[in-house]
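Enquirer: Quick one: structure below, then a few questions.
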Amino acid sequence: MATTCCRPLVGVYEAGAPSKTRVSLPAVFRAPIRPDVVNFVHDQMAKNTRQPYAVNKDAGHQTSAESWGTGRAVARIPRVRGGGTHRSGQGAFGNMCRGGRMFAPTKIWRRWHRRVGVNQKRYAMCSAIAASSIPALVMSKGHMIQEVPEVPLVVSNKAQELTKTKEAVALLRQHHAWTDVLKVYKSQRFRAGRGKMRNRRRIQRKGPLVIYNNDQGLTRAFRNVPGVETICVDKLNLLKLAPGGHVGRFCIWTEDAFRKLDALYGTWRKEAKHKKGYNLPVSKMTNTDLSRLLKSDEIKSVIRKPNKTIVRSKVKPNPLTNYQAMLELNPFHRVEKKLAQAVEAKHIEAKKAGKPKVEKPVKKEKPRKKKAKKGVKRLRKQHPRSKSGKKDKTKAKAK
Amino acid sequence: MADSAQKAAPAAARPPKRREPKTLPDGTRKPNPYKVEKKRRLPAVPEVVLNRRRERRAHKKKSLALKLKAKADKRKLRQKYFTRAEAYIKKYRTMEKEQLRLKREAKAQGTVLVPAEARLAFVIRVRGVNQIHPKVRKVLKLLRLLQINNGVFVQLNKATLSMLRIAEPFITWGYPNLKTIKQMIYKRGHAKIDGRRVPLYSNTLIEKYLGKYGIICVEDMVHEIFTQGKNFQKVNNFMWNFKLNNPKGGWRMKTKHYVEGGDFGNREGKINALLAKMI
């Protein structure tokens, strides 16, 4: 909800029909809606109505039990003294023992309540009020506001003077808020669980919240209508405006209450009159339409172009076997290859044509005569062959 | 006369005022002087939509112009690659022929050509990471040989030769030829881009990072490594260390020096045969 947007006029309804008076929407309804803040503050605030619970401080310790120690074939848990009763010799004190004290006995000095900063509480309040003016949020909370003439629903001040429940019901019917109350009727049931026997037997859903300025009988008129709650605009309660920590309760404002909101919470231009030094929270972004922002010229002119190139790792083809890959790296390879192919073709042709290969000149092989050399003859004379027939090694070498 | 007679008669007797008829005597409808003529308007299109249409048209025009320019630039670039590759092949051939010429000249004179000592080596780590002497570990780290079967190009000088000597039992190295270098870079070449290992799938990568050194394609890189230009270090560092396969057919014996029938140490020109099995 932009702070800069204009504030429309909200019609005041009387007897179901729009009256002549129109009120300009108080600035609170344009406050930023922070469901996280509301949830947190609601959680904290809800803890403040808790009643402490604890076990008896003596529970489990009203015995004089002592451990029997070892050597008795029993566990070493402290056991009840004495005799003459079932209780004697039974284990005591431990959380695992029957009749023993529980683990970590609950204490009343547990921190039951929580403090929340005033500003944070007010922030949550503003968010909750703002959310109650958005039909989508109110419907998503579950309220039946399909027939309601306007959201936020502002009713004339005559509502404050109502005394009879009949009149209150008539008011709700006229403004088509009765379907929400019917839904409450339909949802009346017994609680599931132990709460039934703890005085929380029946449950029902929440109906519309009537917010008034001056109670001249209104609370008592609406008191008996199931689901409907009434609250004074001076004492708005987050637990009522955002039940369960969820924003978007269906609120019915009386005219006076509606008009008072500007004074209670301020507009961004003016401080709140009834809260010292307080002004409405400011949202982090005035324009939250992200797609619009990203398409706008102001942003587009500054950001760089989108990098849509996907770089995938390339499987390198082997240039030695892949012709195209080789050409990519070395265009001259085309010429080289052609030349090589031409040379190869020539060789193949030559082979086919049957040209005899150029033979190397063959050395004429002379028949080898077993002609001994001169030196050998001399040696043979010096060393004649033995009768054993053994060949003389030297002679063999000389040959 | 009739009017005066009417006026003279009492108010009650006067005939009731009649409204003027809406239709003219000829049957056409009488124009209402108080009616504002509505001008015929164009169909209402939100301003945002119109703005977007305008933007889109302008963007399309711009992108088309850019596309055409990119295409033209790419064409020029590919011509550059072509001419450079051609020039390099010519250069390599002349280098080879020069060597042959010197050899033949020496033979003709009856002397022997002592070829220049190799200035480029390819070093492969042959052993794993466990139980390495700290000094050796450090050397291997400096050479970027952190994993088994990792390979790097190394310029040979007194400093690096000493390093290779320290790490000798854990590496095998030799003098790669042009074919080996080419195959290595084409198949196993990856670039170090922003600390990531990126495959060399396009020359644009190379141009982006080595363009300032005049190296724009893979052939330039090969040339720089083979001929050891000014920017050898830049090119070598730009490349990630080569991760090679185990050799097809296996090692001889990693625990011995090559000359002993094993694998580690300097195997000079035989490195090319090994690399052919590992690339």
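Chain labels A, B, ... are given in the sequence in which chains occur in the structure tokens; within each chain residues are numbered consecutively from 1, and ligands are likewise numbered from 1 in the order shown.
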Can you check which residues of region 118-300 of chain A DSSP gives as alpha helix (DSSP H) on the backbone and send them as a PDB file with N, CA and C atoms, in the first residue's frame?

Expert:
ATOM      1  N   VAL A 118       6.686  -0.616  22.751  1.00  0.00           N
ATOM      2  CA  VAL A 118       5.472   0.134  22.413  1.00  0.00           C
ATOM      3  C   VAL A 118       5.378   0.369  20.913  1.00  0.00           C
ATOM      4  N   ASN A 119       6.499   0.743  20.322  1.00  0.00           N
ATOM      5  CA  ASN A 119       6.474   1.046  18.901  1.00  0.00           C
ATOM      6  C   ASN A 119       6.141  -0.196  18.070  1.00  0.00           C
ATOM      7  N   GLN A 120       6.674  -1.313  18.538  1.00  0.00           N
ATOM      8  CA  GLN A 120       6.419  -2.555  17.815  1.00  0.00           C
ATOM      9  C   GLN A 120       4.945  -2.942  17.921  1.00  0.00           C
ATOM     10  N   LYS A 121       4.411  -2.735  19.118  1.00  0.00           N
ATOM     11  CA  LYS A 121       2.977  -3.036  19.300  1.00  0.00           C
ATOM     12  C   LYS A 121       2.139  -2.156  18.400  1.00  0.00           C
ATOM     13  N   ARG A 122       2.520  -0.886  18.334  1.00  0.00           N
ATOM     14  CA  ARG A 122       1.739   0.045  17.502  1.00  0.00           C
ATOM     15  C   ARG A 122       1.880  -0.296  16.024  1.00  0.00           C
ATOM     16  N   TYR A 123       3.096  -0.713  15.652  1.00  0.00           N
ATOM     17  CA  TYR A 123       3.321  -1.135  14.247  1.00  0.00           C
ATOM     18  C   TYR A 123       2.376  -2.272  13.893  1.00  0.00           C
ATOM     19  N   ALA A 124       2.330  -3.267  14.800  1.00  0.00           N
ATOM     20  CA  ALA A 124       1.464  -4.421  14.556  1.00  0.00           C
ATOM     21  C   ALA A 124       0.008  -3.979  14.448  1.00  0.00           C
ATOM     22  N   MET A 125      -0.368  -3.061  15.305  1.00  0.00           N
ATOM     23  CA  MET A 125      -1.733  -2.550  15.312  1.00  0.00           C
ATOM     24  C   MET A 125      -2.079  -1.903  13.988  1.00  0.00           C
ATOM     25  N   CYS A 126      -1.172  -1.050  13.501  1.00  0.00           N
ATOM     26  CA  CYS A 126      -1.402  -0.369  12.222  1.00  0.00           C
ATOM     27  C   CYS A 126      -1.525  -1.381  11.102  1.00  0.00           C
ATOM     28  N   SER A 127      -0.670  -2.381  11.108  1.00  0.00           N
ATOM     29  CA  SER A 127      -0.736  -3.421  10.083  1.00  0.00           C
ATOM     30  C   SER A 127      -2.064  -4.140  10.120  1.00  0.00           C
ATOM     31  N   ALA A 128      -2.504  -4.463  11.336  1.00  0.00           N
ATOM     32  CA  ALA A 128      -3.760  -5.219  11.468  1.00  0.00           C
ATOM     33  C   ALA A 128      -4.937  -4.390  10.977  1.00  0.00           C
ATOM     34  N   ILE A 129      -4.929  -3.101  11.319  1.00  0.00           N
ATOM     35  CA  ILE A 129      -6.030  -2.229  10.868  1.00  0.00           C
ATOM     36  C   ILE A 129      -6.002  -2.101   9.352  1.00  0.00           C
ATOM     37  N   ALA A 130      -4.810  -1.913   8.814  1.00  0.00           N
ATOM     38  CA  ALA A 130      -4.683  -1.772   7.360  1.00  0.00           C
ATOM     39  C   ALA A 130      -5.176  -3.023   6.653  1.00  0.00           C
ATOM     40  N   ALA A 131      -4.827  -4.171   7.200  1.00  0.00           N
ATOM     41  CA  ALA A 131      -5.236  -5.428   6.569  1.00  0.00           C
ATOM     42  C   ALA A 131      -6.740  -5.617   6.606  1.00  0.00           C
ATOM     43  N   PRO A 135     -10.314  -6.442   1.190  1.00  0.00           N
ATOM     44  CA  PRO A 135     -11.288  -7.532   1.127  1.00  0.00           C
ATOM     45  C   PRO A 135     -10.637  -8.901   0.926  1.00  0.00           C
ATOM     46  N   ALA A 136      -9.573  -8.925   0.136  1.00  0.00           N
ATOM     47  CA  ALA A 136      -8.926 -10.207  -0.135  1.00  0.00           C
ATOM     48  C   ALA A 136      -8.405 -10.834   1.146  1.00  0.00           C
ATOM     49  N   LEU A 137      -7.789 -10.003   1.975  1.00  0.00           N
ATOM     50  CA  LEU A 137      -7.228 -10.533   3.221  1.00  0.00           C
ATOM     51  C   LEU A 137      -8.314 -10.952   4.185  1.00  0.00           C
ATOM     52  N   VAL A 138      -9.393 -10.160   4.222  1.00  0.00           N
ATOM     53  CA  VAL A 138     -10.490 -10.484   5.142  1.00  0.00           C
ATOM     54  C   VAL A 138     -11.167 -11.775   4.715  1.00  0.00           C
ATOM     55  N   MET A 139     -11.326 -11.913   3.414  1.00  0.00           N
ATOM     56  CA  MET A 139     -11.936 -13.142   2.916  1.00  0.00           C
ATOM     57  C   MET A 139     -11.031 -14.337   3.166  1.00  0.00           C
ATOM     58  N   SER A 140      -9.728 -14.103   3.015  1.00  0.00           N
ATOM     59  CA  SER A 140      -8.824 -15.238   3.207  1.00  0.00           C
ATOM     60  C   SER A 140      -8.757 -15.629   4.674  1.00  0.00           C
ATOM     61  N   LYS A 141      -9.111 -14.696   5.543  1.00  0.00           N
ATOM     62  CA  LYS A 141      -9.206 -15.043   6.963  1.00  0.00           C
ATOM     63  C   LYS A 141     -10.420 -15.914   7.215  1.00  0.00           C
ATOM     64  N   THR A 165     -30.774  -6.469  21.390  1.00  0.00           N
ATOM     65  CA  THR A 165     -30.074  -7.428  20.532  1.00  0.00           C
ATOM     66  C   THR A 165     -30.767  -7.564  19.187  1.00  0.00           C
ATOM     67  N   LYS A 166     -32.104  -7.445  19.235  1.00  0.00           N
ATOM     68  CA  LYS A 166     -32.877  -7.525  17.984  1.00  0.00           C
ATOM     69  C   LYS A 166     -32.407  -6.467  17.007  1.00  0.00           C
ATOM     70  N   GLU A 167     -32.194  -5.270  17.555  1.00  0.00           N
ATOM     71  CA  GLU A 167     -31.751  -4.166  16.698  1.00  0.00           C
ATOM     72  C   GLU A 167     -30.346  -4.438  16.169  1.00  0.00           C
ATOM     73  N   ALA A 168     -29.523  -5.016  17.066  1.00  0.00           N
ATOM     74  CA  ALA A 168     -28.144  -5.322  16.647  1.00  0.00           C
ATOM     75  C   ALA A 168     -28.147  -6.314  15.494  1.00  0.00           C
ATOM     76  N   VAL A 169     -28.985  -7.351  15.641  1.00  0.00           N
ATOM     77  CA  VAL A 169     -29.086  -8.366  14.579  1.00  0.00           C
ATOM     78  C   VAL A 169     -29.594  -7.733  13.297  1.00  0.00           C
ATOM     79  N   ALA A 170     -30.584  -6.833  13.472  1.00  0.00           N
ATOM     80  CA  ALA A 170     -31.132  -6.147  12.289  1.00  0.00           C
ATOM     81  C   ALA A 170     -30.053  -5.370  11.575  1.00  0.00           C
ATOM     82  N   LEU A 171     -29.208  -4.702  12.362  1.00  0.00           N
ATOM     83  CA  LEU A 171     -28.105  -3.934  11.777  1.00  0.00           C
ATOM     84  C   LEU A 171     -27.188  -4.843  10.966  1.00  0.00           C
ATOM     85  N   LEU A 172     -26.849  -5.976  11.566  1.00  0.00           N
ATOM     86  CA  LEU A 172     -25.945  -6.912  10.873  1.00  0.00           C
ATOM     87  C   LEU A 172     -26.584  -7.435   9.593  1.00  0.00           C
ATOM     88  N   ARG A 173     -27.864  -7.703   9.685  1.00  0.00           N
ATOM     89  CA  ARG A 173     -28.567  -8.216   8.501  1.00  0.00           C
ATOM     90  C   ARG A 173     -28.602  -7.187   7.390  1.00  0.00           C
ATOM     91  N   GLN A 174     -28.910  -5.959   7.797  1.00  0.00           N
ATOM     92  CA  GLN A 174     -29.037  -4.896   6.780  1.00  0.00           C
ATOM     93  C   GLN A 174     -27.723  -4.713   6.012  1.00  0.00           C
ATOM     94  N   TRP A 178     -24.607 -10.659   8.318  1.00  0.00           N
ATOM     95  CA  TRP A 178     -25.202 -11.761   9.078  1.00  0.00           C
ATOM     96  C   TRP A 178     -24.665 -13.116   8.637  1.00  0.00           C
ATOM     97  N   THR A 179     -24.257 -13.215   7.366  1.00  0.00           N
ATOM     98  CA  THR A 179     -23.710 -14.494   6.879  1.00  0.00           C
ATOM     99  C   THR A 179     -22.458 -14.866   7.657  1.00  0.00           C
ATOM    100  N   ASP A 180     -21.711 -13.866   8.060  1.00  0.00           N
ATOM    101  CA  ASP A 180     -20.522 -14.151   8.866  1.00  0.00           C
ATOM    102  C   ASP A 180     -20.931 -14.728  10.219  1.00  0.00           C
ATOM    103  N   VAL A 181     -21.997 -14.156  10.769  1.00  0.00           N
ATOM    104  CA  VAL A 181     -22.486 -14.668  12.057  1.00  0.00           C
ATOM    105  C   VAL A 181     -23.054 -16.061  11.889  1.00  0.00           C
ATOM    106  N   LEU A 182     -23.698 -16.298  10.770  1.00  0.00           N
ATOM    107  CA  LEU A 182     -24.214 -17.652  10.500  1.00  0.00           C
ATOM    108  C   LEU A 182     -23.085 -18.654  10.455  1.00  0.00           C
ATOM    109  N   LYS A 183     -22.004 -18.207   9.905  1.00  0.00           N
ATOM    110  CA  LYS A 183     -20.838 -19.087   9.849  1.00  0.00           C
ATOM    111  C   LYS A 183     -20.368 -19.433  11.262  1.00  0.00           C
ATOM    112  N   VAL A 184     -20.471 -18.454  12.132  1.00  0.00           N
ATOM    113  CA  VAL A 184     -20.093 -18.709  13.531  1.00  0.00           C
ATOM    114  C   VAL A 184     -21.004 -19.766  14.130  1.00  0.00           C
ATOM    115  N   TYR A 185     -22.295 -19.606  13.854  1.00  0.00           N
ATOM    116  CA  TYR A 185     -23.246 -20.616  14.367  1.00  0.00           C
ATOM    117  C   TYR A 185     -22.878 -21.999  13.906  1.00  0.00           C
ATOM    118  N   LYS A 186     -22.568 -22.058  12.626  1.00  0.00           N
ATOM    119  CA  LYS A 186     -22.277 -23.377  12.038  1.00  0.00           C
ATOM    120  C   LYS A 186     -21.025 -23.989  12.635  1.00  0.00           C
ATOM    121  N   LEU A 218     -24.268  -0.202  22.904  1.00  0.00           N
ATOM    122  CA  LEU A 218     -23.842  -1.074  21.804  1.00  0.00           C
ATOM    123  C   LEU A 218     -23.287  -2.406  22.296  1.00  0.00           C
ATOM    124  N   THR A 219     -22.457  -2.333  23.347  1.00  0.00           N
ATOM    125  CA  THR A 219     -21.819  -3.578  23.818  1.00  0.00           C
ATOM    126  C   THR A 219     -22.870  -4.559  24.280  1.00  0.00           C
ATOM    127  N   ARG A 220     -23.893  -4.024  24.973  1.00  0.00           N
ATOM    128  CA  ARG A 220     -24.902  -4.937  25.490  1.00  0.00           C
ATOM    129  C   ARG A 220     -25.821  -5.444  24.397  1.00  0.00           C
ATOM    130  N   ALA A 221     -25.992  -4.640  23.383  1.00  0.00           N
ATOM    131  CA  ALA A 221     -26.826  -5.106  22.276  1.00  0.00           C
ATOM    132  C   ALA A 221     -26.158  -6.246  21.535  1.00  0.00           C
ATOM    133  N   PHE A 222     -24.861  -6.136  21.350  1.00  0.00           N
ATOM    134  CA  PHE A 222     -24.152  -7.150  20.555  1.00  0.00           C
ATOM    135  C   PHE A 222     -23.623  -8.291  21.398  1.00  0.00           C
ATOM    136  N   LEU A 238      -4.817  -5.867  19.681  1.00  0.00           N
ATOM    137  CA  LEU A 238      -4.291  -6.672  18.570  1.00  0.00           C
ATOM    138  C   LEU A 238      -4.834  -8.092  18.608  1.00  0.00           C
ATOM    139  N   LEU A 239      -5.048  -8.594  19.822  1.00  0.00           N
ATOM    140  CA  LEU A 239      -5.548  -9.958  19.956  1.00  0.00           C
ATOM    141  C   LEU A 239      -6.946 -10.088  19.382  1.00  0.00           C
ATOM    142  N   LYS A 240      -7.666  -8.924  19.300  1.00  0.00           N
ATOM    143  CA  LYS A 240      -8.998  -8.943  18.708  1.00  0.00           C
ATOM    144  C   LYS A 240      -8.941  -8.635  17.222  1.00  0.00           C
ATOM    145  N   LEU A 241      -8.005  -7.754  16.831  1.00  0.00           N
ATOM    146  CA  LEU A 241      -7.942  -7.332  15.428  1.00  0.00           C
ATOM    147  C   LEU A 241      -7.208  -8.339  14.543  1.00  0.00           C
ATOM    148  N   GLU A 255     -19.149   5.526  12.682  1.00  0.00           N
ATOM    149  CA  GLU A 255     -18.590   6.702  12.014  1.00  0.00           C
ATOM    150  C   GLU A 255     -17.614   7.455  12.909  1.00  0.00           C
ATOM    151  N   ASP A 256     -18.012   7.623  14.159  1.00  0.00           N
ATOM    152  CA  ASP A 256     -17.138   8.360  15.084  1.00  0.00           C
ATOM    153  C   ASP A 256     -15.807   7.647  15.279  1.00  0.00           C
ATOM    154  N   ALA A 257     -15.912   6.338  15.418  1.00  0.00           N
ATOM    155  CA  ALA A 257     -14.676   5.551  15.618  1.00  0.00           C
ATOM    156  C   ALA A 257     -13.774   5.685  14.405  1.00  0.00           C
ATOM    157  N   PHE A 258     -14.387   5.627  13.239  1.00  0.00           N
ATOM    158  CA  PHE A 258     -13.628   5.717  11.986  1.00  0.00           C
ATOM    159  C   PHE A 258     -12.922   7.058  11.864  1.00  0.00           C
ATOM    160  N   ARG A 259     -13.642   8.101  12.220  1.00  0.00           N
ATOM    161  CA  ARG A 259     -13.060   9.446  12.106  1.00  0.00           C
ATOM    162  C   ARG A 259     -11.935   9.652  13.098  1.00  0.00           C
ATOM    163  N   LYS A 260     -11.995   8.913  14.206  1.00  0.00           N
ATOM    164  CA  LYS A 260     -11.000   9.124  15.266  1.00  0.00           C
ATOM    165  C   LYS A 260      -9.632   8.534  14.910  1.00  0.00           C
ATOM    166  N   LEU A 261      -9.616   7.667  13.933  1.00  0.00           N
ATOM    167  CA  LEU A 261      -8.364   6.936  13.651  1.00  0.00           C
ATOM    168  C   LEU A 261      -7.216   7.846  13.245  1.00  0.00           C
ATOM    169  N   ASP A 262      -7.513   8.879  12.477  1.00  0.00           N
ATOM    170  CA  ASP A 262      -6.447   9.811  12.078  1.00  0.00           C
ATOM    171  C   ASP A 262      -5.813  10.479  13.283  1.00  0.00           C
ATOM    172  N   ALA A 263      -6.660  10.808  14.255  1.00  0.00           N
ATOM    173  CA  ALA A 263      -6.147  11.441  15.463  1.00  0.00           C
ATOM    174  C   ALA A 263      -5.387  10.446  16.332  1.00  0.00           C
ATOM    175  N   LEU A 264      -5.811   9.220  16.276  1.00  0.00           N
ATOM    176  CA  LEU A 264      -5.171   8.196  17.110  1.00  0.00           C
ATOM    177  C   LEU A 264      -3.810   7.782  16.563  1.00  0.00           C
ATOM    178  N   TYR A 265      -3.741   7.640  15.256  1.00  0.00           N
ATOM    179  CA  TYR A 265      -2.507   7.082  14.678  1.00  0.00           C
ATOM    180  C   TYR A 265      -1.727   8.064  13.834  1.00  0.00           C
ATOM    181  N   LEU A 290       7.388  -5.564  -8.393  1.00  0.00           N
ATOM    182  CA  LEU A 290       8.757  -5.869  -8.843  1.00  0.00           C
ATOM    183  C   LEU A 290       8.867  -5.935 -10.358  1.00  0.00           C
ATOM    184  N   SER A 291       7.892  -6.559 -10.983  1.00  0.00           N
ATOM    185  CA  SER A 291       8.004  -6.702 -12.437  1.00  0.00           C
ATOM    186  C   SER A 291       7.937  -5.346 -13.125  1.00  0.00           C
ATOM    187  N   ARG A 292       7.114  -4.488 -12.575  1.00  0.00           N
ATOM    188  CA  ARG A 292       6.988  -3.134 -13.134  1.00  0.00           C
ATOM    189  C   ARG A 292       8.300  -2.363 -12.975  1.00  0.00           C
ATOM    190  N   LEU A 293       8.875  -2.546 -11.780  1.00  0.00           N
ATOM    191  CA  LEU A 293      10.143  -1.857 -11.488  1.00  0.00           C
ATOM    192  C   LEU A 293      11.225  -2.291 -12.456  1.00  0.00           C
ATOM    193  N   LEU A 294      11.313  -3.601 -12.655  1.00  0.00           N
ATOM    194  CA  LEU A 294      12.400  -4.107 -13.494  1.00  0.00           C
ATOM    195  C   LEU A 294      12.216  -3.712 -14.949  1.00  0.00           C
ATOM    196  N   LYS A 295      10.968  -3.482 -15.331  1.00  0.00           N
ATOM    197  CA  LYS A 295      10.745  -3.069 -16.717  1.00  0.00           C
ATOM    198  C   LYS A 295      10.833  -1.566 -16.905  1.00  0.00           C
ATOM    199  N   ASP A 297      12.033   2.301 -17.202  1.00  0.00           N
ATOM    200  CA  ASP A 297      13.184   2.882 -17.899  1.00  0.00           C
ATOM    201  C   ASP A 297      14.284   3.300 -16.950  1.00  0.00           C
ATOM    202  N   GLU A 298      13.879   3.814 -15.769  1.00  0.00           N
ATOM    203  CA  GLU A 298      14.889   4.320 -14.831  1.00  0.00           C
ATOM    204  C   GLU A 298      15.870   3.231 -14.446  1.00  0.00           C
ATOM    205  N   ILE A 299      15.356   2.043 -14.255  1.00  0.00           N
ATOM    206  CA  ILE A 299      16.254   0.955 -13.851  1.00  0.00           C
ATOM    207  C   ILE A 299      16.928   0.335 -15.067  1.00  0.00           C
ATOM    208  N   LYS A 300      16.164   0.166 -16.133  1.00  0.00           N
ATOM    209  CA  LYS A 300      16.694  -0.485 -17.331  1.00  0.00           C
ATOM    210  C   LYS A 300      17.868   0.280 -17.921  1.00  0.00           C
TER     211      LYS A 300
END

Enquirer: Considering only C-alpha atoms, return as a list of chain:residue names whatever protein or nucleic-acid residues lie within 9 Å of region 190-199 of chain B, sequence-local ones (same chain, fewer than 4 positions apart) excluded.

Expert: A:Ser313, A:Lys314, A:Val315, A:Lys316, B:Ile185, B:Tyr186, B:Leu205, B:Ile206, B:Tyr209, B:Asn237, B:Phe238, B:Met239, B:Trp240, B:Asn241, B:Phe242

Enquirer: How would the residues just chosen look if you wrote them out with N, CA and C atoms as a short mmCIF file (atom, residue, chain, number, x, y, z; two decimals), in the first residue's frame?

Expert:
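Listed below is the output, out.cif:
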data_model
loop_
_atom_site.label_atom_id
_atom_site.label_comp_id
_atom_site.auth_asym_id
_atom_site.auth_seq_id
_atom_site.Cartn_x
_atom_site.Cartn_y
_atom_site.Cartn_z
N SER A 313 30.86 -26.50 -21.62
CA SER A 313 32.21 -26.98 -21.91
C SER A 313 32.21 -27.71 -23.24
N LYS A 314 33.16 -27.34 -24.08
CA LYS A 314 33.18 -27.93 -25.43
C LYS A 314 34.03 -29.18 -25.43
N VAL A 315 33.53 -30.20 -26.08
CA VAL A 315 34.34 -31.39 -26.29
C VAL A 315 35.20 -31.12 -27.51
N LYS A 316 36.50 -31.07 -27.30
CA LYS A 316 37.37 -30.68 -28.41
C LYS A 316 37.53 -31.84 -29.37
N ILE B 185 50.65 -30.32 -30.12
CA ILE B 185 49.86 -29.11 -29.86
C ILE B 185 48.46 -29.26 -30.43
N TYR B 186 48.34 -29.88 -31.58
CA TYR B 186 47.00 -30.00 -32.16
C TYR B 186 46.12 -30.93 -31.35
N LEU B 205 40.92 -17.98 -29.09
CA LEU B 205 41.49 -18.06 -27.74
C LEU B 205 42.93 -17.58 -27.73
N ILE B 206 43.66 -18.09 -28.74
CA ILE B 206 45.09 -17.79 -28.80
C ILE B 206 45.29 -16.30 -29.07
N TYR B 209 44.85 -13.95 -25.99
CA TYR B 209 45.86 -13.90 -24.94
C TYR B 209 47.27 -13.73 -25.45
N ASN B 237 54.19 -21.04 -21.51
CA ASN B 237 53.44 -20.85 -20.27
C ASN B 237 51.94 -20.77 -20.52
N PHE B 238 51.58 -20.25 -21.69
CA PHE B 238 50.15 -20.16 -22.04
C PHE B 238 49.54 -21.55 -22.14
N MET B 239 50.40 -22.50 -22.53
CA MET B 239 49.87 -23.86 -22.67
C MET B 239 49.93 -24.58 -21.36
N TRP B 240 48.89 -25.36 -21.11
CA TRP B 240 48.90 -26.25 -19.96
C TRP B 240 49.91 -27.35 -20.23
N ASN B 241 50.45 -27.98 -19.21
CA ASN B 241 51.37 -29.09 -19.46
C ASN B 241 50.61 -30.24 -20.12
N PHE B 242 51.30 -30.91 -21.04
CA PHE B 242 50.63 -31.92 -21.87
C PHE B 242 50.40 -33.18 -21.06
#

Enquirer: Contacts between chain B and chain A, please, where a residue of chain A counts if it comes within 7 Å (with only C-alpha atoms); show its shortest atom pair and distance in Å to one decimal, rows by chain and ascending number, as JSON lines.

Expert:
{"residue": "A:Lys316", "atom": "CA", "partner": "B:Tyr201", "partner_atom": "CA", "distance": 5.8}
{"residue": "A:Asn318", "atom": "CA", "partner": "B:Lys187", "partner_atom": "CA", "distance": 5.6}
{"residue": "A:Pro319", "atom": "CA", "partner": "B:Tyr186", "partner_atom": "CA", "distance": 6.1}
{"residue": "A:Leu320", "atom": "CA", "partner": "B:Lys187", "partner_atom": "CA", "distance": 6.5}
{"residue": "A:Glu328", "atom": "CA", "partner": "B:Ser202", "partner_atom": "CA", "distance": 6.6}
{"residue": "A:Leu329", "atom": "CA", "partner": "B:Asn203", "partner_atom": "CA", "distance": 5.9}
{"residue": "A:Asn330", "atom": "CA", "partner": "B:Tyr81", "partner_atom": "CA", "distance": 6.4}
{"residue": "A:Pro331", "atom": "CA", "partner": "B:Phe82", "partner_atom": "CA", "distance": 5.4}
{"residue": "A:Phe332", "atom": "CA", "partner": "B:Phe82", "partner_atom": "CA", "distance": 4.8}

Enquirer: Could you pull the residues within 10 Å of Trp251 (chain B), counting only C-alpha atoms, minus those fewer than 5 positions along the same chain, as a ChimeraX atom specification?

Expert: /B:126,246,262-264,274

Enquirer: Output N, CA and C atoms for every residue in the selection just made, as an mmCIF file, in the first residue's frame.

Expert:
data_model
loop_
_atom_site.group_PDB
_atom_site.id
_atom_site.type_symbol
_atom_site.label_atom_id
_atom_site.label_comp_id
_atom_site.auth_asym_id
_atom_site.auth_seq_id
_atom_site.Cartn_x
_atom_site.Cartn_y
_atom_site.Cartn_z
ATOM 1 N N VAL B 126 58.106 -39.702 -15.856
ATOM 2 C CA VAL B 126 57.968 -41.120 -16.092
ATOM 3 C C VAL B 126 57.494 -41.875 -14.851
ATOM 4 N N ASN B 246 49.864 -43.442 -21.726
ATOM 5 C CA ASN B 246 50.975 -44.389 -21.615
ATOM 6 C C ASN B 246 51.329 -44.851 -23.014
ATOM 7 N N GLY B 262 66.741 -49.068 -20.448
ATOM 8 C CA GLY B 262 65.527 -48.648 -19.721
ATOM 9 C C GLY B 262 64.873 -47.473 -20.408
ATOM 10 N N ASP B 263 64.312 -46.564 -19.577
ATOM 11 C CA ASP B 263 63.542 -45.480 -20.163
ATOM 12 C C ASP B 263 63.945 -44.084 -19.745
ATOM 13 N N PHE B 264 64.467 -43.909 -18.527
ATOM 14 C CA PHE B 264 64.622 -42.520 -18.109
ATOM 15 C C PHE B 264 65.866 -41.879 -18.697
ATOM 16 N N LEU B 274 58.895 -42.407 -29.234
ATOM 17 C CA LEU B 274 58.128 -42.621 -27.996
ATOM 18 C C LEU B 274 56.869 -41.773 -27.993
#

Enquirer: For His59 (chain B), which of A:Arg201, A:Phe29, A:Lys305, A:Val38 is the closest residue, counting only C-alpha atoms?

Expert: A:Lys305

Enquirer: What's the separation between CA of His257 (chain B) and CA of Ile181 (chain B), in Å to one decimal place?

Expert: 23.9 Å

Enquirer: Name all residues at most 10 Å from Ala273 (chain B) (count only C-alpha atoms; drop same-chain ones fewer than 4 positions away) and give them as a list in words.

Expert: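 That gives Pro176, Thr180, Pro247, Gly269, Lys277 and Met278 of chain B.
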